[in-house]
Amino acid sequence: MPELPEVETVKRSLASVLDGQTIERIERRDVSPAKAPDGQFYGSPADIEQFVVGASITGFRRRAKVLIIDLSSDYSLIIHLKMSGQLVVVEPDGKRVGGGHPTKSLVQELPDKTSRTIFYFESGQRLFYNDQRKFGWIKLVPTPEVEHNKLITKLGPEPFDDDFTAEYLAERLSRRTIAIKTALLDQKMIGGIGNIYADEALNLAGIDPTRESKSLTTAEIEKLVATIPAVMNRSIELGGTSFSDYVDGLGQFGKYFDEARVYGRANEPCLECGGPISKIMLGGRGTHYCKNCQH
DNA sequence: CGCTCGGCCTGTGCGC
DNA sequence: TGCGCACAGGCCGAGC
């Protein structure tokens, strides 16, 4: 589910209510399958007891699609929501802090069967880490080690970084034969792009997603370097993309989907030419584009 | 080294 | 109405 704009939205919403709050207790649930750690939380019970319980939250950070919660114990929680992860704050009375939405996924009381870990705060509020498909994870690491952690160091520059330039991207694409769409999803090349925004940015740039990476012209690469942060910024403004059950930390839906140009719009008319949006499989991912407008 | 594909999980929606 | 298959926001590792 969450790509950079969704994780950024979750980060901001959680920070607005949980910054400075003290964790009173942790509950790790749903221990199946046996090989996954309790609650998908990688950390020994002793370490969690010592460095998480009783600690307060000193800040929230994001790197690409990874959320980092810093604690007063000088330890940090590194969290990846992968496809179906949610972090949702609930009031003592069980209501979402932001009120949430009256939809199927939110009518249900928490915890539900997807709730893997619950953080109880002294305020009485609770933070639910829900993950239907169980691909996501939480890891406990010393704060000084976060930036040296392999999960973080392997990530390429983010779309908003100063070092995300046309020169950088041209160099990285210059000898690659993989489709440009596949290249954009490579987190080592650029950190934070996922399936939705790869399709959207390529549409805005007028580039066919199946093109060989090394075939892109300088002008096309310059367009991409502009459209990628543009589409991400617009999505952050709208609170990310929800097309089924993504919600932010307050249970709010993102509205970018209403503005999506190609993603999820197979067979619908292209906003530019009116022709049908195509959907193909590329590198195992559903890929949406306009054959008239993207070359 | 580069590339493609299957696997990890659970659920939903579609075609038959 | 029921059944089985394809696909879903991500990423890793095996195998060529």
# chains A, B, ... in the order shown; residues from 1 in each chain; ligands from 1
call {"tool": "residues_around", "arguments": {"residues": "Glu222 of chain A", "least_positions_apart": "6", "cutoff": "10 Å", "atoms": "only C-alpha atoms (C1' of nucleotides)", "output": "MDAnalysis selection string"}}
result
chainID A and resid 165:167 169:170 205 216
call {"tool": "interface_residues", "arguments": {"of": "chain A", "to": "chain B", "cutoff": "7 Å", "atoms": "only C-alpha atoms (C1' of nucleotides)", "output": "ChimeraX atom specification"}}
result
/A:132-135
call {"tool": "write_last_selection", "arguments": {"atoms": "N, CA, C and O atoms", "output": "PDB file, in the first residue's frame"}}
result
ATOM      1  N   GLN A 132      -2.772  -6.885   7.226  1.00  0.00           N
ATOM      2  CA  GLN A 132      -3.493  -8.070   6.752  1.00  0.00           C
ATOM      3  C   GLN A 132      -2.555  -9.124   6.168  1.00  0.00           C
ATOM      4  O   GLN A 132      -2.642 -10.299   6.494  1.00  0.00           O
ATOM      5  N   ARG A 133      -1.669  -8.714   5.272  1.00  0.00           N
ATOM      6  CA  ARG A 133      -0.866  -9.711   4.558  1.00  0.00           C
ATOM      7  C   ARG A 133       0.428 -10.083   5.275  1.00  0.00           C
ATOM      8  O   ARG A 133       1.148 -10.983   4.822  1.00  0.00           O
ATOM      9  N   LYS A 134       0.752  -9.406   6.328  1.00  0.00           N
ATOM     10  CA  LYS A 134       1.896  -9.767   7.175  1.00  0.00           C
ATOM     11  C   LYS A 134       3.248  -9.703   6.469  1.00  0.00           C
ATOM     12  O   LYS A 134       4.173 -10.438   6.799  1.00  0.00           O
ATOM     13  N   PHE A 135       3.376  -8.846   5.459  1.00  0.00           N
ATOM     14  CA  PHE A 135       4.680  -8.642   4.839  1.00  0.00           C
ATOM     15  C   PHE A 135       5.510  -7.619   5.615  1.00  0.00           C
ATOM     16  O   PHE A 135       6.721  -7.564   5.490  1.00  0.00           O
TER      17      PHE A 135
END
call {"tool": "interface_residues", "arguments": {"of": "chain C", "to": "chain A", "cutoff": "10 Å", "atoms": "only C-alpha atoms (C1' of nucleotides)", "output": "list in words"}}
result
DC7, DA8, DG9, DG10 and DC11 of chain C
call {"tool": "select_by_dssp", "arguments": {"residues": "segment 18-213 of chain A", "states": "strand (DSSP E)", "output": "VMD selection string"}}
result
chain A and resid 23 to 28 41 to 42 57 to 63 66 to 71 75 to 80 85 to 90 115 to 121 126 to 131 137 to 142
call {"tool": "select_by_dssp", "arguments": {"residues": "segment 67-258 of chain A", "states": "alpha helix (DSSP H)", "output": "JSON, numbers by chain"}}
result
{"A": [104, 105, 106, 107, 143, 144, 145, 146, 150, 151, 152, 153, 166, 167, 168, 169, 170, 171, 172, 173, 180, 181, 182, 183, 184, 195, 196, 197, 198, 199, 200, 201, 202, 203, 204, 205, 218, 219, 220, 221, 222, 223, 224, 225, 226, 227, 228, 229, 230, 231, 232, 233, 234, 235, 236, 237]}
call {"tool": "atom_distance", "arguments": {"atom1": "atom CA of Pro111 of chain A", "atom2": "atom CA of Phe128 of chain A"}}
result
7.4 Å
call {"tool": "closest_residue", "arguments": {"among": "A:Ile138, A:Met189, A:Thr114, A:Asn149", "to": "Phe164 of chain A", "atoms": "only C-alpha atoms"}}
result
A:Met189
call {"tool": "atom_distance", "arguments": {"atom1": "atom CA of Ile26 of chain A", "atom2": "atom CA of Leu250 of chain A"}}
result
19.7 Å
